[in-house]
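So this one's data.txt, compact mmCIF, C-alpha atoms:
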# COMPACT_ATOMS: atom_id res chain seq x y z
CA MET B 179 -4.35 8.07 12.97
CA ALA B 180 -6.74 10.93 12.58
CA MET B 181 -5.21 14.29 11.79
CA GLU B 182 -7.29 16.08 14.35
CA ALA B 183 -7.02 13.25 16.83
CA GLU B 184 -3.33 13.81 17.35
CA ALA B 185 -3.69 17.55 17.64
CA THR B 186 -4.88 17.28 21.22
CA THR B 187 -3.98 15.32 24.30
CA ALA B 188 -7.02 16.15 26.40
CA PRO B 189 -9.25 13.02 26.62
CA ASP B 190 -12.46 15.04 26.75
CA MET B 191 -11.76 17.33 23.81
CA ALA B 192 -13.02 16.94 20.24
CA LEU B 193 -11.64 13.90 18.36
CA ALA B 194 -9.68 12.70 21.40
CA ASP B 195 -11.27 9.24 21.07
CA THR B 196 -9.00 8.58 18.08
CA ASP B 197 -5.84 9.87 19.76
CA ILE B 198 -4.16 6.46 19.98
CA ASN B 199 -0.38 6.52 19.72
CA TRP B 200 2.19 3.73 20.18
CA HIS B 201 2.46 4.15 23.94
CA ARG B 202 -1.32 3.60 24.29
CA LEU B 203 -1.41 0.32 22.34
CA ASP B 204 -1.49 -3.28 23.57
CA LYS B 205 1.28 -4.46 21.23
CA THR B 206 0.28 -8.16 21.10
CA ARG B 207 -3.36 -7.38 20.40
CA PHE B 208 -2.32 -4.73 17.88
CA HIS B 209 -0.37 -7.23 15.75
CA ILE B 210 -2.91 -10.08 16.05
CA ILE B 211 -5.89 -7.89 15.09
CA GLY B 212 -3.77 -6.26 12.38
CA ALA B 213 -2.85 -9.64 10.84
CA ILE B 214 -6.49 -10.76 10.71
CA LEU B 215 -7.99 -7.55 9.35
CA PHE B 216 -5.27 -6.79 6.80
CA THR B 217 -5.42 -10.39 5.48
CA ALA B 218 -9.17 -9.95 4.95
CA GLN B 219 -8.49 -6.64 3.19
CA SER B 220 -5.89 -8.28 0.93
CA ALA B 221 -8.41 -10.97 -0.07
CA LEU B 222 -10.85 -8.24 -1.13
CA LEU B 223 -8.31 -6.42 -3.30
CA HIS B 224 -6.25 -9.32 -4.69
CA PRO B 225 -8.39 -9.90 -7.84
CA ILE B 226 -7.90 -6.24 -8.83
CA ALA B 227 -4.13 -6.62 -8.37
CA VAL B 228 -4.14 -9.70 -10.63
CA VAL B 229 -6.03 -7.81 -13.36
CA LYS B 230 -3.68 -4.82 -13.09
CA THR B 231 -0.55 -7.00 -13.23
CA ARG B 232 -1.71 -8.94 -16.29
CA MET B 233 -2.55 -5.72 -18.13
CA GLN B 234 0.96 -4.40 -17.50
CA VAL B 235 2.80 -7.41 -18.96
CA ALA B 236 3.83 -7.25 -22.63
CA GLY B 237 2.56 -9.96 -24.95
CA SER B 238 -0.37 -10.84 -22.73
CA GLY B 239 -2.89 -9.58 -25.29
CA LEU B 240 -4.66 -7.86 -22.41
CA SER B 241 -2.81 -4.55 -22.25
CA HIS B 242 -5.31 -2.68 -24.43
CA MET B 243 -8.43 -4.24 -22.95
CA ARG B 244 -10.57 -2.62 -20.29
CA GLY B 245 -10.12 -3.83 -16.73
CA ILE B 246 -13.58 -5.43 -16.52
CA SER B 247 -12.93 -7.28 -19.81
CA VAL B 248 -9.63 -8.63 -18.47
CA PHE B 249 -11.41 -9.74 -15.28
CA LYS B 250 -14.05 -11.62 -17.32
CA HIS B 251 -11.32 -13.15 -19.51
CA ILE B 252 -9.46 -14.51 -16.47
CA LEU B 253 -12.68 -15.92 -15.00
CA LYS B 254 -13.53 -17.58 -18.32
CA THR B 255 -10.11 -19.13 -18.89
CA ASP B 256 -8.94 -19.90 -15.33
CA GLY B 257 -12.05 -19.68 -13.18
CA VAL B 258 -12.17 -18.12 -9.70
CA ARG B 259 -8.81 -19.71 -8.94
CA GLY B 260 -7.27 -17.53 -11.65
CA ILE B 261 -8.21 -14.22 -10.01
CA PHE B 262 -6.70 -15.41 -6.74
CA ARG B 263 -3.39 -16.63 -8.14
CA GLY B 264 -0.61 -15.89 -5.69
CA PHE B 265 -2.98 -14.98 -2.85
CA GLY B 266 -1.94 -17.81 -0.52
CA THR B 267 1.73 -16.88 -0.86
CA SER B 268 0.91 -13.19 -0.43
CA ALA B 269 -1.34 -13.70 2.62
CA VAL B 270 1.01 -15.97 4.55
CA GLY B 271 4.19 -14.28 3.41
CA SER B 272 2.94 -10.81 4.30
CA LEU B 273 2.42 -11.53 8.00
CA PRO B 274 6.03 -10.82 9.14
CA GLY B 275 6.15 -7.83 6.78
CA ARG B 276 3.03 -6.33 8.33
CA VAL B 277 4.57 -6.61 11.79
CA LEU B 278 7.62 -4.71 10.53
CA ALA B 279 5.54 -2.11 8.68
CA LEU B 280 3.02 -1.42 11.46
CA THR B 281 5.65 -1.31 14.21
CA SER B 282 7.99 1.02 12.32
CA LEU B 283 5.06 3.25 11.32
CA GLU B 284 3.79 3.69 14.87
CA VAL B 285 7.20 3.96 16.55
CA SER B 286 8.51 6.50 14.02
CA LYS B 287 5.34 8.58 14.20
CA ASP B 288 5.37 8.56 18.00
CA LYS B 289 9.04 9.56 18.19
CA MET B 290 8.55 12.35 15.65
CA LEU B 291 5.60 13.75 17.59
CA LYS B 292 7.72 13.82 20.75
CA TYR B 293 10.69 15.33 18.91
CA THR B 294 8.63 18.18 17.45
CA GLU B 295 6.72 18.85 20.66
CA GLY B 296 7.20 22.45 21.72
CA LEU B 297 8.47 23.64 18.34
CA ASP B 298 6.94 26.79 16.91
CA ILE B 299 4.97 25.12 14.10
CA ALA B 300 1.26 24.64 13.50
CA GLU B 301 -0.14 21.53 15.16
CA ALA B 302 -1.62 20.27 11.90
CA SER B 303 1.79 20.62 10.20
CA ARG B 304 3.49 18.87 13.11
CA VAL B 305 1.12 15.89 12.85
CA GLY B 306 1.45 15.87 9.06
CA ILE B 307 5.25 15.71 9.34
CA ALA B 308 5.01 12.89 11.88
CA ASN B 309 2.64 10.97 9.59
CA GLY B 310 4.95 11.44 6.60
CA VAL B 311 8.05 10.34 8.51
CA GLY B 312 6.16 7.33 9.84
CA GLY B 313 5.11 6.28 6.34
CA LEU B 314 8.61 6.83 4.96
CA SER B 315 10.24 4.77 7.73
CA SER B 316 7.67 2.00 7.38
CA THR B 317 8.39 1.58 3.67
CA LEU B 318 12.18 1.64 4.05
CA VAL B 319 12.13 -0.95 6.83
CA SER B 320 9.69 -3.34 5.15
CA CYS B 321 11.01 -2.93 1.58
CA ALA B 322 13.80 -5.48 2.03
CA TYR B 323 11.20 -8.07 3.01
CA TYR B 324 8.41 -7.24 0.57
CA VAL B 325 10.34 -7.01 -2.72
CA PRO B 326 11.21 -10.75 -2.92
CA LEU B 327 7.63 -11.57 -1.89
CA ASP B 328 6.38 -9.21 -4.61
CA VAL B 329 8.56 -10.95 -7.21
CA ILE B 330 7.13 -14.35 -6.22
CA CYS B 331 3.47 -13.25 -6.11
CA GLN B 332 3.58 -11.34 -9.39
CA ARG B 333 5.22 -14.26 -11.20
CA LEU B 334 2.43 -16.51 -9.96
CA MET B 335 -0.18 -13.96 -11.14
CA VAL B 336 1.10 -13.97 -14.74
CA GLN B 337 1.56 -17.71 -15.22
CA GLY B 338 0.90 -18.78 -18.80
CA LEU B 339 1.56 -15.38 -20.40
CA PRO B 340 4.20 -15.01 -23.16
CA GLY B 341 7.68 -14.08 -21.91
CA THR B 342 7.17 -15.56 -18.45
CA THR B 343 8.63 -18.73 -16.94
CA VAL B 344 6.24 -21.55 -15.98
CA CYS B 345 6.45 -22.22 -12.24
CA ASN B 346 4.66 -24.70 -9.99
CA GLY B 347 4.12 -22.74 -6.81
CA PRO B 348 6.16 -20.23 -4.79
CA TYR B 349 9.07 -22.56 -3.99
CA ASP B 350 9.52 -23.34 -7.68
CA VAL B 351 9.55 -19.59 -8.42
CA VAL B 352 12.34 -19.06 -5.88
CA HIS B 353 14.30 -22.06 -7.21
CA LYS B 354 14.10 -20.96 -10.86
CA VAL B 355 14.85 -17.29 -10.20
CA ILE B 356 17.90 -18.09 -8.06
CA LYS B 357 19.10 -20.72 -10.56
CA ALA B 358 18.86 -18.23 -13.44
CA GLU B 359 20.10 -15.06 -11.76
CA GLY B 360 21.29 -15.93 -8.28
CA PHE B 361 19.84 -14.44 -5.10
CA ARG B 362 20.05 -11.03 -6.75
CA GLY B 363 17.18 -12.04 -9.01
CA MET B 364 14.82 -12.04 -6.03
CA TYR B 365 15.48 -8.33 -5.68
CA ARG B 366 14.61 -7.24 -9.21
CA GLY B 367 13.14 -3.77 -8.94
CA PHE B 368 14.38 -3.24 -5.37
CA GLY B 369 16.14 0.06 -6.13
CA LEU B 370 13.14 1.38 -8.04
CA THR B 371 10.79 0.30 -5.27
CA ALA B 372 12.89 1.78 -2.46
CA VAL B 373 13.54 5.07 -4.25
CA THR B 374 9.96 5.61 -5.39
CA GLN B 375 7.74 3.90 -2.82
CA SER B 376 9.27 5.65 0.18
CA PRO B 377 8.38 9.19 -0.92
CA ALA B 378 5.11 7.86 -2.41
CA THR B 379 4.12 6.45 0.97
CA ALA B 380 5.06 9.69 2.69
CA LEU B 381 2.93 11.47 0.06
CA TRP B 382 0.02 9.12 0.74
CA TRP B 383 0.06 9.77 4.48
CA GLY B 384 0.50 13.48 3.89
CA ALA B 385 -2.47 13.55 1.50
CA TYR B 386 -4.52 11.57 4.00
CA GLY B 387 -3.72 13.95 6.83
CA THR B 388 -4.38 17.01 4.70
CA ALA B 389 -7.69 15.69 3.36
CA GLN B 390 -8.85 14.72 6.83
CA HIS B 391 -7.82 18.11 8.23
CA ILE B 392 -9.86 19.91 5.54
CA ILE B 393 -12.89 17.65 6.03
CA TRP B 394 -12.95 18.08 9.82
CA ARG B 395 -12.68 21.85 9.41
CA SER B 396 -15.49 21.86 6.84
CA LEU B 397 -17.65 20.03 9.40
CA SER B 398 -16.89 22.81 11.92
CA TYR B 399 -14.80 20.71 14.30
CA ARG B 400 -11.93 22.42 16.14
CA ASP B 401 -9.23 21.23 18.52
CA ASP B 402 -10.55 23.30 21.39
CA MET B 403 -14.15 22.10 21.14
CA TYR B 404 -15.88 19.69 23.50
CA LYS B 405 -18.32 18.51 20.85
CA LYS B 406 -17.23 15.06 19.73
CA PRO B 407 -18.00 13.48 16.35
CA SER B 408 -20.05 10.29 16.26
CA HIS B 409 -18.45 6.96 15.38
CA ILE B 410 -20.15 7.07 11.97
CA GLU B 411 -18.73 10.54 11.34
CA MET B 412 -15.20 9.43 12.24
CA VAL B 413 -15.33 6.35 10.00
CA THR B 414 -16.83 8.36 7.13
CA VAL B 415 -14.19 11.09 7.36
CA GLN B 416 -11.33 8.58 7.64
CA ALA B 417 -12.65 6.52 4.71
CA THR B 418 -13.14 9.57 2.51
CA ALA B 419 -9.67 10.93 3.28
CA GLY B 420 -8.16 7.50 2.60
CA MET B 421 -9.95 7.28 -0.75
CA VAL B 422 -8.70 10.73 -1.77
CA ALA B 423 -5.13 9.85 -0.77
CA GLY B 424 -5.24 6.56 -2.68
CA ALA B 425 -6.64 8.19 -5.82
CA CYS B 426 -4.00 10.94 -5.81
CA SER B 427 -1.22 8.43 -5.24
CA SER B 428 -2.32 6.17 -8.12
CA VAL B 429 -2.06 9.01 -10.66
CA ILE B 430 1.54 9.69 -9.64
CA THR B 431 2.81 6.13 -9.11
CA THR B 432 1.21 4.11 -11.97
CA PRO B 433 4.06 4.72 -14.51
CA ILE B 434 6.64 3.58 -11.95
CA ASP B 435 4.52 0.57 -10.99
CA THR B 436 4.22 -0.49 -14.65
CA VAL B 437 8.00 -0.44 -15.12
CA LYS B 438 8.56 -2.27 -11.82
CA THR B 439 6.00 -4.98 -12.60
CA ARG B 440 7.49 -5.73 -16.02
CA LEU B 441 11.00 -5.68 -14.59
CA GLN B 442 10.03 -8.28 -11.98
CA VAL B 443 8.12 -10.76 -14.13
CA MET B 444 9.54 -10.67 -17.69
CA ASP B 445 12.30 -13.11 -18.67
CA ASN B 446 12.68 -12.45 -22.43
CA PHE B 447 14.74 -9.32 -21.86
CA GLY B 448 17.50 -10.14 -24.35
CA ALA B 449 21.22 -9.88 -23.66
CA GLY B 450 22.54 -8.91 -20.24
CA ARG B 451 20.60 -8.36 -17.05
CA PRO B 452 17.20 -6.66 -17.06
CA SER B 453 17.30 -3.04 -15.93
CA VAL B 454 15.01 -0.07 -15.37
CA LEU B 455 16.45 1.67 -18.44
CA LYS B 456 15.97 -1.36 -20.73
CA THR B 457 12.42 -1.89 -19.51
CA THR B 458 11.54 1.78 -19.92
CA ARG B 459 12.93 1.92 -23.47
CA LYS B 460 11.07 -1.24 -24.49
CA LEU B 461 7.81 0.11 -23.05
CA LEU B 462 8.24 3.40 -24.91
CA LYS B 463 8.98 1.57 -28.15
CA GLU B 464 5.91 -0.66 -27.80
CA ASP B 465 3.26 1.84 -26.82
CA GLY B 466 4.76 5.30 -26.34
CA TRP B 467 4.11 7.28 -23.18
CA ARG B 468 0.61 5.84 -23.00
CA GLY B 469 2.17 2.47 -22.18
CA PHE B 470 3.27 3.73 -18.77
CA TYR B 471 -0.40 3.92 -17.78
CA ARG B 472 -1.23 0.34 -18.68
CA GLY B 473 -3.53 -0.99 -15.99
CA PHE B 474 -4.29 2.52 -14.72
CA GLY B 475 -8.02 1.83 -14.31
CA PRO B 476 -7.59 -1.22 -12.06
CA ARG B 477 -4.74 0.47 -10.18
CA PHE B 478 -6.81 3.62 -9.63
CA LEU B 479 -9.69 1.48 -8.35
CA ASN B 480 -7.32 -0.68 -6.31
CA MET B 481 -5.60 2.25 -4.59
CA SER B 482 -8.85 4.15 -4.00
CA ILE B 483 -10.48 1.12 -2.38
CA TYR B 484 -7.20 0.26 -0.68
CA GLY B 485 -6.93 3.77 0.74
CA THR B 486 -10.46 3.59 2.10
CA THR B 487 -10.31 0.08 3.53
CA MET B 488 -6.71 0.33 4.75
CA ILE B 489 -7.20 3.43 6.84
CA VAL B 490 -10.53 2.27 8.28
CA THR B 491 -8.91 -1.10 9.08
CA TYR B 492 -5.92 0.68 10.59
CA GLU B 493 -8.13 2.84 12.79
CA LEU B 494 -10.14 -0.23 13.87
CA ILE B 495 -6.88 -2.00 14.81
CA ASN B 496 -5.82 1.01 16.88
CA SER B 497 -9.21 1.26 18.58
CA GLY B 498 -9.32 -2.46 19.31
CA SER B 499 -5.78 -2.43 20.73
CA ALA B 500 -6.01 0.74 22.81
CA LEU B 501 -5.18 0.58 26.49
CA PRO B 502 -7.45 2.49 28.91
CA MET B 503 -6.65 6.18 29.37
CA THR B 504 -4.86 6.89 32.64
Re-express the file's structure as structure tokens.
Amino acid sequence: MAMEAEATTAPDMALADTDINWHRLDKTRFHIIGAILFTAQSALLHPIAVVKTRMQVAGSGLSHMRGISVFKHILKTDGVRGIFRGFGTSAVGSLPGRVLALTSLEVSKDKMLKYTEGLDIAEASRVGIANGVGGLSSTLVSCAYYVPLDVICQRLMVQGLPGTTVCNGPYDVVHKVIKAEGFRGMYRGFGLTAVTQSPATALWWGAYGTAQHIIWRSLSYRDDMYKKPSHIEMVTVQATAGMVAGACSSVITTPIDTVKTRLQVMDNFGAGRPSVLKTTRKLLKEDGWRGFYRGFGPRFLNMSIYGTTMIVTYELINSGSALPMT
């Protein structure tokens, strides 16, 4: 969803080749290609997520180590299988969630573009608003599905660490969590995720749109030009903007992610139910404010690479699913 692409509807104008909205997509192809490409992307990034998660858990002995050292430690103790713990559950379980996320993103964005059409606002701002609303809606819709999956995958990632329950696969995780806390236990961190991830996603898409807008302008492209960028130029601009958006987002969201991760995987929380406040106080007591940035390096790398690969993958899905212009 290129910022400049959606600023024009003329098929022969600059950047019109990336102007692919919901009404121009073959929906079946869109979801099939999306499932394949995003699963491949998840496989690329999963080891970084495992490293980040283990660094964030108290008592692991890894919280003060560098990311590359943690990676080597996991390889040495658990082999390649260790850095892909939870991937099978994540890959298969994410398929329905991706359908929800992609559909709500595109539908919301398309409706917002139509709603704001004709309003007296700059076209770049109009597209930025549509992108932000799309990202916000996507997160809210998919959050109810992804939080239980997140609980399962993260518990599998930290198997063997102090303070965690030993589980033999995803079904055993579900059984033990529900037995200990009821169905509510599968939604540990849901409120924190919903409240923080929704605006964070809107921020990500806004940063992506802004970065792309600035880059296209710096390359002297305008909406009313007939000069079109090459395919390499489009991919490079989209990838760069995605990397910038991911990097910015990681700086803001890492403290929240650290609290959420510990809330979802730790079982030695003492009396009563675990809560955001209890987890935050314990983290402050253990390591001060610095503790909130445990795993920042891997998360920064993860979100930067994620931003780059996600948006390029997303644009490839759109291009591969586009119906002919009429």
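Using only C-alpha atoms, the shortest contact distance between Ser497 of chain B and any of B:Ala389, B:Met412, B:Gly347, B:Ser220 is found at B:Met412.
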Spatial sel., origin (-3.5, -8.4, 5.2), limit 9 Å, only C-alpha atoms, listed as a compact mmCIF listing (two decimals) with C-alpha atoms, keeping the file's coordinate frame:
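Result written to selection34.txt:
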# COMPACT_ATOMS: atom_id res chain seq x y z
CA GLY B 212 -3.77 -6.26 12.38
CA ALA B 213 -2.85 -9.64 10.84
CA ILE B 214 -6.49 -10.76 10.71
CA LEU B 215 -7.99 -7.55 9.35
CA PHE B 216 -5.27 -6.79 6.80
CA THR B 217 -5.42 -10.39 5.48
CA ALA B 218 -9.17 -9.95 4.95
CA GLN B 219 -8.49 -6.64 3.19
CA SER B 220 -5.89 -8.28 0.93
CA ALA B 221 -8.41 -10.97 -0.07
CA SER B 268 0.91 -13.19 -0.43
CA ALA B 269 -1.34 -13.70 2.62
CA VAL B 270 1.01 -15.97 4.55
CA SER B 272 2.94 -10.81 4.30
CA LEU B 273 2.42 -11.53 8.00
CA ARG B 276 3.03 -6.33 8.33
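For the residues B:Thr231, B:Ile483, B:His409, B:Ile330, ranking by smallest atom-to-atom distance to Tyr471 of chain B using all atoms listed in the file places B:Thr231 first.
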Quiz item: atom CA of Ile392 of chain B and atom CA of Gln416 of chain B are how many Å apart?
Solution: 11.6 Å
Quiz item: Near Arg244 of chain B, within 10 Å and counting only C-alpha atoms, which residues show up once chain neighbours fewer than 3 positions away are dropped, as a ChimeraX atom specification?
Solution: /B:229,233,240-241,247-249,472-476
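Between atom CA of Gly485 of chain B and atom CA of Ala423 of chain B there is a distance of 6.5 Å.
Shortest atom-to-atom contact with Met421 of chain B among B:Gln442, B:Val351, B:Thr487, B:Thr343: B:Thr487, counting all atoms listed in the file.
Across the model, the gap from atom CA of Gly424 of chain B to atom CA of Ser376 of chain B is 14.8 Å.
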Quiz prompt | Residue contacts of segment 260-266 of chain B (9 Å, only C-alpha atoms) excluding same-chain residues fewer than 4 positions away, as a list in words | solution = Ser220, Ala221, His224, Pro225, Ile226, Ala227, Val228, Val229, Phe249, Ile252, Leu253, Thr255, Asp256, Val270, Gly271, Ile330, Cys331, Gln332, Arg333, Leu334, Met335, Val336, Gln337, Gly347 and Pro348 of chain B
Axis-aligned box for all listed atoms of segment 475-487 of chain B, 4 Å per side, centre and edges in Å to one decimal, as lines of an AutoDock Vina configuration file:
center_x = -7.6
center_y = 1.5
center_z = -5.4
size_x = 13.7
size_y = 13.4
size_z = 25.8
Practice problem: Choose the residue, out of B:Thr267, B:Lys292, B:Tyr386, B:Leu280, that has the smallest atom-to-atom separation from Leu203 of chain B; count all atoms listed in the file. | Solution: B:Leu280
Quiz item: Within 12 Å of Ala380 of chain B, counting only C-alpha atoms, which residues qualify if same-chain residues fewer than 2 places away don't, as a ChimeraX atom specification?
Solution: /B:283,287,306-318,373-378,382-387,423,427
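Comparing the minimum interatomic distances between Gly469 of chain B and each of B:Asp435, B:Ala419, B:Ala500, B:Met481, counting all atoms listed in the file, we find that B:Asp435 sits nearest.
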